[in-house]
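Engineer: Input model_36.pdb, format and content: PDB, C-alpha atoms.
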ATOM      1  CA  MET A   1      80.945  99.973  93.671
ATOM      2  CA  ILE A   2      81.464  96.665  91.872
ATOM      3  CA  GLN A   3      83.024  96.429  88.419
ATOM      4  CA  TRP A   4      83.748  93.473  86.129
ATOM      5  CA  VAL A   5      87.096  92.872  84.438
ATOM      6  CA  LEU A   6      85.661  90.520  81.768
ATOM      7  CA  PRO A   7      81.920  91.293  81.491
ATOM      8  CA  GLN A   8      81.744  89.658  78.055
ATOM      9  CA  VAL A   9      81.784  86.173  79.606
ATOM     10  CA  PHE A  10      78.256  86.769  80.921
ATOM     11  CA  GLY A  11      77.086  85.706  77.488
ATOM     12  CA  LEU A  12      77.744  82.114  78.573
ATOM     13  CA  LEU A  13      74.827  82.380  81.008
ATOM     14  CA  LEU A  14      72.413  82.255  78.045
ATOM     15  CA  LEU A  15      73.529  78.698  77.309
ATOM     16  CA  LEU A  16      72.943  77.281  80.784
ATOM     17  CA  PRO A  17      69.122  76.798  80.537
ATOM     18  CA  LEU A  18      69.755  74.408  77.653
ATOM     19  CA  ILE A  19      70.899  71.869  80.240
ATOM     20  CA  LEU A  20      67.239  71.473  81.308
ATOM     21  CA  LEU A  21      66.293  70.533  77.738
ATOM     22  CA  ILE A  22      68.648  67.568  77.562
ATOM     23  CA  PRO A  23      66.402  64.506  77.604
ATOM     24  CA  ALA A  24      66.839  62.117  80.500
ATOM     25  CA  LYS A  25      67.558  58.462  79.845
ATOM     26  CA  GLN A  26      64.244  56.588  79.620
ATOM     27  CA  PRO A  27      63.900  53.307  81.550
ATOM     28  CA  GLN A  28      62.475  50.118  80.014
ATOM     29  CA  THR A  29      58.625  50.090  79.777
ATOM     30  CA  ALA A  30      58.082  47.063  82.040
ATOM     31  CA  LEU A  31      60.239  48.480  84.791
ATOM     32  CA  TRP A  32      58.555  51.858  84.396
ATOM     33  CA  VAL A  33      55.085  50.348  84.925
ATOM     34  CA  ALA A  34      56.207  48.257  87.880
ATOM     35  CA  ASN A  35      58.112  51.038  89.546
ATOM     36  CA  ALA A  36      56.258  54.198  88.494
ATOM     37  CA  GLN A  37      56.517  55.814  91.872
ATOM     38  CA  LEU A  38      60.272  55.105  92.118
ATOM     39  CA  GLN A  39      60.884  56.459  88.631
ATOM     40  CA  HIS A  40      58.939  59.607  89.473
ATOM     41  CA  ARG A  41      61.273  60.251  92.390
ATOM     42  CA  LYS A  42      64.285  59.637  90.151
ATOM     43  CA  ALA A  43      62.945  62.111  87.603
ATOM     44  CA  ALA A  44      62.509  64.752  90.286
ATOM     45  CA  LYS A  45      65.997  64.036  91.607
ATOM     46  CA  ASP A  46      67.417  64.395  88.086
ATOM     47  CA  TRP A  47      65.669  67.752  87.654
ATOM     48  CA  TRP A  48      67.089  69.104  90.915
ATOM     49  CA  SER A  49      70.544  67.773  89.980
ATOM     50  CA  ARG A  50      70.421  69.677  86.723
ATOM     51  CA  LEU A  51      69.351  72.819  88.550
ATOM     52  CA  LEU A  52      72.331  72.520  90.924
ATOM     53  CA  VAL A  53      74.642  72.073  87.945
ATOM     54  CA  ILE A  54      73.211  75.214  86.318
ATOM     55  CA  LEU A  55      73.635  77.230  89.514
ATOM     56  CA  ALA A  56      77.208  75.975  89.959
ATOM     57  CA  LEU A  57      78.111  76.829  86.352
ATOM     58  CA  ALA A  58      76.480  80.252  86.715
ATOM     59  CA  ALA A  59      78.642  80.913  89.771
ATOM     60  CA  LEU A  60      81.724  79.844  87.792
ATOM     61  CA  VAL A  61      80.801  82.260  84.979
ATOM     62  CA  ILE A  62      80.455  85.070  87.515
ATOM     63  CA  ALA A  63      83.899  84.187  88.909
ATOM     64  CA  MET A  64      85.332  84.209  85.372
ATOM     65  CA  ALA A  65      83.990  87.741  84.913
ATOM     66  CA  GLN A  66      86.354  88.756  87.770
ATOM     67  CA  PRO A  67      84.241  91.035  89.944
ATOM     68  CA  GLU A  68      86.160  93.747  91.809
ATOM     69  CA  ARG A  69      85.242  96.235  94.491
ATOM     70  CA  VAL A  70      86.512  99.602  93.273
ATOM     71  CA  GLY A  71      88.675 101.320  95.861
ATOM     72  CA  ASP A  72      88.643 104.991  96.754
ATOM     73  CA  PRO A  73      90.876 107.228  94.583
ATOM     74  CA  ILE A  74      94.310 107.934  96.036
ATOM     75  CA  GLU A  75      96.076 111.092  94.929
ATOM     76  CA  VAL A  76      99.724 110.437  94.043
ATOM     77  CA  SER A  77     102.486 112.978  93.536
ATOM     78  CA  ASP A  78     105.366 111.861  91.337
ATOM     79  CA  SER A  79     108.545 113.471  92.643
ATOM     80  CA  GLN A  80     111.262 113.389  90.034
ATOM     81  CA  ARG A  81     113.879 115.322  88.140
ATOM     82  CA  ASP A  82     114.364 115.380  84.383
ATOM     83  CA  MET A  83     117.970 115.962  83.449
ATOM     84  CA  VAL A  84     120.556 115.268  80.773
ATOM     85  CA  LEU A  85     124.195 114.483  81.499
ATOM     86  CA  VAL A  86     126.494 115.974  78.848
ATOM     87  CA  VAL A  87     129.956 114.414  79.126
ATOM     88  CA  ASP A  88     133.242 115.393  77.469
ATOM     89  CA  LEU A  89     135.008 112.492  75.662
ATOM     90  CA  SER A  90     137.836 114.524  74.152
ATOM     91  CA  GLY A  91     141.395 113.189  74.092
ATOM     92  CA  SER A  92     142.430 115.023  77.255
ATOM     93  CA  MET A  93     139.880 113.008  79.254
ATOM     94  CA  GLY A  94     142.408 110.175  79.038
ATOM     95  CA  ASP A  95     145.058 112.136  80.961
ATOM     96  CA  ARG A  96     146.103 110.372  84.173
ATOM     97  CA  ASP A  97     146.269 113.387  86.469
ATOM     98  CA  MET A  98     143.183 113.253  88.711
ATOM     99  CA  ARG A  99     144.215 112.604  92.285
ATOM    100  CA  TYR A 100     142.352 110.326  94.633
ATOM    101  CA  GLY A 101     144.223 109.680  97.832
ATOM    102  CA  ALA A 102     147.872 109.040  96.999
ATOM    103  CA  SER A 103     147.214 107.820  93.442
ATOM    104  CA  LEU A 104     146.539 109.431  90.093
ATOM    105  CA  TYR A 105     143.769 108.196  87.801
ATOM    106  CA  ARG A 106     142.556 108.968  84.306
ATOM    107  CA  ARG A 107     140.035 111.783  84.224
ATOM    108  CA  ILE A 108     137.449 109.674  82.418
ATOM    109  CA  ASP A 109     137.733 106.859  84.992
ATOM    110  CA  VAL A 110     137.120 109.252  87.871
ATOM    111  CA  VAL A 111     134.178 110.796  86.031
ATOM    112  CA  LYS A 112     132.642 107.381  85.358
ATOM    113  CA  GLN A 113     132.946 106.391  89.002
ATOM    114  CA  VAL A 114     131.418 109.623  90.291
ATOM    115  CA  LEU A 115     128.606 109.741  87.738
ATOM    116  CA  ASN A 116     127.642 106.116  88.337
ATOM    117  CA  GLY A 117     127.304 106.896  92.024
ATOM    118  CA  PHE A 118     125.266 109.982  91.157
ATOM    119  CA  ILE A 119     122.936 107.937  88.940
ATOM    120  CA  ASP A 120     122.469 105.343  91.695
ATOM    121  CA  GLY A 121     120.696 108.012  93.730
ATOM    122  CA  ARG A 122     118.278 108.976  90.956
ATOM    123  CA  ASP A 123     115.414 106.686  92.019
ATOM    124  CA  GLY A 124     112.280 107.955  90.274
ATOM    125  CA  ASP A 125     114.175 110.436  88.099
ATOM    126  CA  ARG A 126     114.453 110.462  84.325
ATOM    127  CA  MET A 127     117.811 111.025  82.705
ATOM    128  CA  GLY A 128     119.385 111.340  79.274
ATOM    129  CA  LEU A 129     123.009 111.019  78.157
ATOM    130  CA  VAL A 130     124.933 113.063  75.579
ATOM    131  CA  PHE A 131     128.621 112.691  74.657
ATOM    132  CA  PHE A 132     130.719 115.246  72.808
ATOM    133  CA  ALA A 133     134.231 115.567  71.346
ATOM    134  CA  ASP A 134     134.648 116.559  67.671
ATOM    135  CA  SER A 135     130.840 116.745  67.643
ATOM    136  CA  ALA A 136     127.995 115.760  69.946
ATOM    137  CA  TYR A 137     125.620 112.815  69.800
ATOM    138  CA  VAL A 138     122.797 111.389  71.915
ATOM    139  CA  GLN A 139     123.700 108.132  73.599
ATOM    140  CA  ALA A 140     120.348 107.913  75.421
ATOM    141  CA  PRO A 141     117.206 110.092  75.252
ATOM    142  CA  VAL A 142     115.548 110.986  78.535
ATOM    143  CA  THR A 143     114.457 107.709  80.142
ATOM    144  CA  ARG A 144     113.845 105.947  83.436
ATOM    145  CA  ASP A 145     116.151 103.106  82.353
ATOM    146  CA  LEU A 146     119.055 104.350  84.433
ATOM    147  CA  GLU A 147     120.831 100.984  84.424
ATOM    148  CA  SER A 148     121.304 101.257  80.660
ATOM    149  CA  ILE A 149     122.675 104.776  81.049
ATOM    150  CA  GLN A 150     125.200 103.496  83.575
ATOM    151  CA  GLN A 151     126.187 100.692  81.198
ATOM    152  CA  TRP A 152     126.689 103.079  78.255
ATOM    153  CA  LEU A 153     128.668 105.426  80.474
ATOM    154  CA  THR A 154     130.908 102.577  81.649
ATOM    155  CA  GLU A 155     131.680 101.511  78.070
ATOM    156  CA  THR A 156     132.825 104.948  76.893
ATOM    157  CA  ALA A 157     136.450 106.004  76.350
ATOM    158  CA  PRO A 158     138.327 109.122  75.213
ATOM    159  CA  HIS A 159     138.874 109.505  71.439
ATOM    160  CA  MET A 160     135.721 107.451  70.683
ATOM    161  CA  ILE A 161     134.242 110.372  68.763
ATOM    162  CA  GLY A 162     137.355 112.439  68.252
ATOM    163  CA  SER A 163     139.932 114.374  70.227
ATOM    164  CA  ASN A 164     138.546 117.925  70.157
ATOM    165  CA  THR A 165     135.984 119.610  72.437
ATOM    166  CA  ALA A 166     132.681 120.795  70.945
ATOM    167  CA  ILE A 167     131.203 122.264  74.139
ATOM    168  CA  GLY A 168     128.657 124.419  72.313
ATOM    169  CA  GLU A 169     127.252 121.475  70.370
ATOM    170  CA  GLY A 170     127.140 119.397  73.550
ATOM    171  CA  ILE A 171     125.070 122.065  75.297
ATOM    172  CA  ALA A 172     122.753 122.522  72.308
ATOM    173  CA  LEU A 173     122.103 118.782  71.959
ATOM    174  CA  GLY A 174     121.471 118.416  75.688
ATOM    175  CA  VAL A 175     118.975 121.291  75.591
ATOM    176  CA  ARG A 176     117.218 119.680  72.635
ATOM    177  CA  GLN A 177     116.576 116.558  74.725
ATOM    178  CA  VAL A 178     114.739 118.371  77.528
ATOM    179  CA  ARG A 179     113.163 121.446  75.960
ATOM    180  CA  ASP A 180     109.883 119.695  75.034
ATOM    181  CA  LEU A 181     109.431 117.829  78.316
ATOM    182  CA  ASP A 182     106.606 118.835  80.643
ATOM    183  CA  ALA A 183     108.969 119.405  83.570
ATOM    184  CA  LYS A 184     108.811 122.723  85.383
ATOM    185  CA  ASP A 185     112.611 122.773  85.666
ATOM    186  CA  LYS A 186     114.623 121.456  82.721
ATOM    187  CA  VAL A 187     118.211 120.718  83.566
ATOM    188  CA  VAL A 188     121.397 119.972  81.637
ATOM    189  CA  ILE A 189     124.577 119.062  83.559
ATOM    190  CA  LEU A 190     127.658 119.524  81.398
ATOM    191  CA  LEU A 191     131.116 118.251  82.356
ATOM    192  CA  SER A 192     134.236 119.276  80.430
ATOM    193  CA  ASP A 193     137.988 119.412  80.974
ATOM    194  CA  GLY A 194     138.903 121.819  78.189
ATOM    195  CA  ALA A 195     138.024 124.820  76.053
ATOM    196  CA  ASN A 196     135.722 124.831  73.054
ATOM    197  CA  THR A 197     137.822 123.768  70.038
ATOM    198  CA  ALA A 198     135.264 122.303  67.624
ATOM    199  CA  GLY A 199     131.704 122.616  66.394
ATOM    200  CA  GLU A 200     129.729 125.313  64.632
ATOM    201  CA  VAL A 201     127.973 126.534  67.795
ATOM    202  CA  SER A 202     129.853 128.467  70.461
ATOM    203  CA  PRO A 203     129.176 127.756  74.149
ATOM    204  CA  MET A 204     127.604 131.196  74.683
ATOM    205  CA  GLU A 205     125.366 130.841  71.609
ATOM    206  CA  ALA A 206     124.181 127.505  72.949
ATOM    207  CA  ALA A 207     123.682 129.015  76.411
ATOM    208  CA  SER A 208     121.602 131.848  74.967
ATOM    209  CA  TRP A 209     119.408 129.308  73.173
ATOM    210  CA  ALA A 210     119.099 127.309  76.400
ATOM    211  CA  LEU A 211     117.869 130.444  78.159
ATOM    212  CA  ASP A 212     115.243 130.979  75.451
ATOM    213  CA  GLN A 213     114.072 127.375  75.907
ATOM    214  CA  GLY A 214     113.860 127.698  79.698
ATOM    215  CA  VAL A 215     116.670 125.190  80.312
ATOM    216  CA  LYS A 216     119.230 125.569  83.097
ATOM    217  CA  VAL A 217     122.756 124.450  82.223
ATOM    218  CA  TYR A 218     124.857 123.460  85.225
ATOM    219  CA  THR A 219     128.530 123.266  84.293
ATOM    220  CA  VAL A 220     131.346 121.281  85.879
ATOM    221  CA  GLY A 221     134.944 122.030  84.946
ATOM    222  CA  ILE A 222     137.622 119.504  85.884
ATOM    223  CA  SER A 223     141.370 119.975  85.821
ATOM    224  CA  GLY A 224     144.571 118.176  86.758
ATOM    225  CA  PHE A 225     148.314 118.549  86.548
ATOM    226  CA  PHE A 226     148.182 118.841  82.728
ATOM    227  CA  GLY A 227     145.671 121.670  82.567
ATOM    228  CA  GLY A 228     141.946 121.983  82.808
ATOM    229  CA  ALA A 229     138.658 123.383  81.673
ATOM    230  CA  ASP A 230     137.840 126.847  80.408
ATOM    231  CA  ASN A 231     136.273 127.772  83.737
ATOM    232  CA  ALA A 232     135.535 131.343  82.701
ATOM    233  CA  THR A 233     133.357 130.237  79.788
ATOM    234  CA  LEU A 234     131.676 127.486  81.782
ATOM    235  CA  ARG A 235     130.847 129.969  84.519
ATOM    236  CA  GLN A 236     129.329 132.377  81.993
ATOM    237  CA  VAL A 237     127.181 129.572  80.535
ATOM    238  CA  ALA A 238     125.835 128.623  83.954
ATOM    239  CA  ASN A 239     125.214 132.201  85.034
ATOM    240  CA  LEU A 240     123.399 133.083  81.814
ATOM    241  CA  THR A 241     120.953 130.181  82.213
ATOM    242  CA  GLY A 242     120.346 130.766  85.930
ATOM    243  CA  ALA A 243     122.309 127.707  87.015
ATOM    244  CA  ARG A 244     125.620 127.209  88.836
ATOM    245  CA  PHE A 245     129.208 126.531  87.903
ATOM    246  CA  PHE A 246     131.446 124.051  89.756
ATOM    247  CA  SER A 247     135.167 123.383  89.526
ATOM    248  CA  ALA A 248     136.926 120.172  90.548
ATOM    249  CA  ARG A 249     140.664 119.609  90.791
ATOM    250  CA  ASP A 250     140.525 116.068  92.142
ATOM    251  CA  ALA A 251     138.175 113.143  92.712
ATOM    252  CA  VAL A 252     137.033 114.284  96.167
ATOM    253  CA  GLU A 253     135.953 117.682  94.887
ATOM    254  CA  LEU A 254     134.094 116.061  91.988
ATOM    255  CA  VAL A 255     132.168 113.843  94.398
ATOM    256  CA  GLU A 256     131.185 116.872  96.476
ATOM    257  CA  ILE A 257     130.042 118.733  93.363
ATOM    258  CA  TYR A 258     127.592 116.023  92.368
ATOM    259  CA  ARG A 259     126.356 115.805  95.957
ATOM    260  CA  GLU A 260     125.576 119.504  95.706
ATOM    261  CA  ILE A 261     123.812 119.017  92.374
ATOM    262  CA  ASP A 262     121.828 116.241  94.027
ATOM    263  CA  ARG A 263     120.212 118.893  96.205
ATOM    264  CA  LEU A 264     118.419 120.393  93.213
ATOM    265  CA  GLU A 265     114.743 120.690  94.059
ATOM    266  CA  PRO A 266     112.722 117.803  92.618
ATOM    267  CA  VAL A 267     109.802 118.537  90.349
ATOM    268  CA  GLU A 268     106.447 117.642  91.889
ATOM    269  CA  ARG A 269     103.918 116.328  89.363
ATOM    270  CA  GLN A 270     100.341 115.424  90.188
ATOM    271  CA  THR A 271      99.550 112.151  88.470
ATOM    272  CA  ASP A 272      96.169 110.574  87.810
ATOM    273  CA  PRO A 273      94.499 109.183  90.957
ATOM    274  CA  VAL A 274      95.297 105.552  91.725
ATOM    275  CA  ARG A 275      92.582 103.098  92.745
ATOM    276  CA  ILE A 276      93.405  99.834  94.497
ATOM    277  CA  ASN A 277      90.643  97.368  93.644
ATOM    278  CA  GLU A 278      89.758  94.371  95.805
ATOM    279  CA  PRO A 279      89.186  91.133  93.828
ATOM    280  CA  LEU A 280      85.933  89.337  94.682
ATOM    281  CA  TYR A 281      86.041  86.360  92.305
ATOM    282  CA  TYR A 282      86.693  83.942  95.176
ATOM    283  CA  TRP A 283      83.121  84.394  96.495
ATOM    284  CA  PRO A 284      81.280  83.011  93.425
ATOM    285  CA  LEU A 285      84.043  80.445  93.000
ATOM    286  CA  SER A 286      83.489  79.218  96.559
ATOM    287  CA  ILE A 287      79.731  79.038  95.935
ATOM    288  CA  ALA A 288      80.312  76.971  92.783
ATOM    289  CA  VAL A 289      82.545  74.514  94.661
ATOM    290  CA  LEU A 290      80.004  74.243  97.489
ATOM    291  CA  LEU A 291      77.137  73.544  95.062
ATOM    292  CA  LEU A 292      79.115  70.857  93.234
ATOM    293  CA  MET A 293      80.100  69.173  96.500
ATOM    294  CA  THR A 294      76.445  69.237  97.569
ATOM    295  CA  LEU A 295      75.456  67.651  94.272
ATOM    296  CA  PHE A 296      78.031  64.856  94.584
ATOM    297  CA  VAL A 297      77.036  64.059  98.156
ATOM    298  CA  TRP A 298      73.310  64.200  97.389
ATOM    299  CA  ARG A 299      73.573  61.854  94.428
ATOM    300  CA  GLY A 300      75.836  59.574  96.410
ATOM    301  CA  ARG A 301      78.604  59.472  93.792
ATOM    302  CA  LEU A 302      81.548  61.395  92.324
ATOM    303  CA  LEU A 303      81.847  62.728  88.802
TER     304      LEU A 303
END
Show this structure as structure tokens.
Structural biologist:
Amino acid sequence: MIQWVLPQVFGLLLLLPLILLIPAKQPQTALWVANAQLQHRKAAKDWWSRLLVILALAALVIAMAQPERVGDPIEVSDSQRDMVLVVDLSGSMGDRDMRYGASLYRRIDVVKQVLNGFIDGRDGDRMGLVFFADSAYVQAPVTRDLESIQQWLTETAPHMIGSNTAIGEGIALGVRQVRDLDAKDKVVILLSDGANTAGEVSPMEAASWALDQGVKVYTVGISGFFGGADNATLRQVANLTGARFFSARDAVELVEIYREIDRLEPVERQTDPVRINEPLYYWPLSIAVLLLMTLFVWRGRLL
């Protein structure tokens, strides 16, 4: 089947017959009488020249309309995950007690490094970003712009939004970002290094609401030499929502945790069929060029 990208340009075809109505230049009377037969041939040649011009312009109009051969529909499945990262920015995230090799690093720096690597593998996924400390706020709604999420994550620091740990509010805000999406599985991945010390919503209240909304809340508790997360509460949150709890004591364990989370089953969505159309404009364009070249050669001159 052939379709036209710009069918409105066909209106120009109505103007082309007007070329035949343009009067030809009349020779002087004496020359016309003396050379009537020659002038008759010139008149016929002029008529055919105009016809070639009309045909060439008609071919150009057809090329401008951009004909395409419509391809067969191709069914496409969009494999992706929709998830929200909920990250603790409380004061303790600045503690330098996360081991990697023989050195100790700040908790937040290790988290940034691991999460950036995790995001790098999210090709085709959509992701949102929520931070929490004294309260929770959305840094990025669910989006495919993962580079921006990495940039915002890199620019964060402990104490930016307080020193406390509002885990319940972090969960609730993360759930709010995914609850209305059309994904079969809606996922929140919460990371914290402490116990709930702020906010009006407790972690278990938020987890119960997440269950009602059909959202799984995976929880990651990190710890170091100076103490760590409330693993008991984080485990209860994950279990209640049908997800899993993970605990990391150093950078290596944190990397392994996010590798395990990476194995979450992707959501298969059937998208609208895709058609790959073949452009055909070059055929009428070639005909127009050929007609004009024929005209120039036949008349024995260039434009």
Engineer: With only C-alpha atoms as the basis for distance, which of A:Gly94, A:Trp47, A:Arg263, A:Val289 is at the shortest distance from Ile108 of chain A?
Structural biologist: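 Nearest to Ile108 of chain A: A:Gly94.
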Engineer: Between atom CA of Pro141 of chain A and atom CA of Val201 of chain A, what distance in Å does the model show, to one decimal?
Structural biologist: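 Result for atom CA of Pro141 of chain A versus atom CA of Val201 of chain A: 21.0 Å, one decimal.
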Engineer: Got a sec: who's within 10 Å of segment 245-250 of chain A, counting all atoms listed in the file, leaving out chain neighbours fewer than 4 positions off, as number ranges by chain?
Structural biologist: A: 97-101, 104-105, 107, 110, 189-191, 193, 217-225, 227-229, 231-239, 254-258, 260-261
Engineer: For segment 153-167 of chain A, I'd like the enclosing box, axis-aligned and padded by 4 Å on every side, reported as JSON with centre and edge lengths in Å to one decimal.
Structural biologist:
{"center_x": 134.3, "center_y": 111.9, "center_z": 75.0, "size_x": 19.3, "size_y": 28.8, "size_z": 21.4}
Engineer: To one decimal place in Å, what is the distance between atom CA of Ile167 of chain A and atom CA of Gly214 of chain A?
Structural biologist: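 Spanning atom CA of Ile167 of chain A to atom CA of Gly214 of chain A is a straight-line distance of 19.0 Å.
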Engineer: Just give me the residues with any atom within 7 Å of (83.6, 91.9, 86.8), file coordinates, counting only C-alpha atoms, written as a short mmCIF file (atom, residue, chain, number, x, y, z; two decimals) with C-alpha atoms, in the frame of the given file.
Structural biologist:
data_model
loop_
_atom_site.label_atom_id
_atom_site.label_comp_id
_atom_site.auth_asym_id
_atom_site.auth_seq_id
_atom_site.Cartn_x
_atom_site.Cartn_y
_atom_site.Cartn_z
CA GLN A 3 83.02 96.43 88.42
CA TRP A 4 83.75 93.47 86.13
CA VAL A 5 87.10 92.87 84.44
CA LEU A 6 85.66 90.52 81.77
CA PRO A 7 81.92 91.29 81.49
CA ALA A 65 83.99 87.74 84.91
CA GLN A 66 86.35 88.76 87.77
CA PRO A 67 84.24 91.04 89.94
CA GLU A 68 86.16 93.75 91.81
#
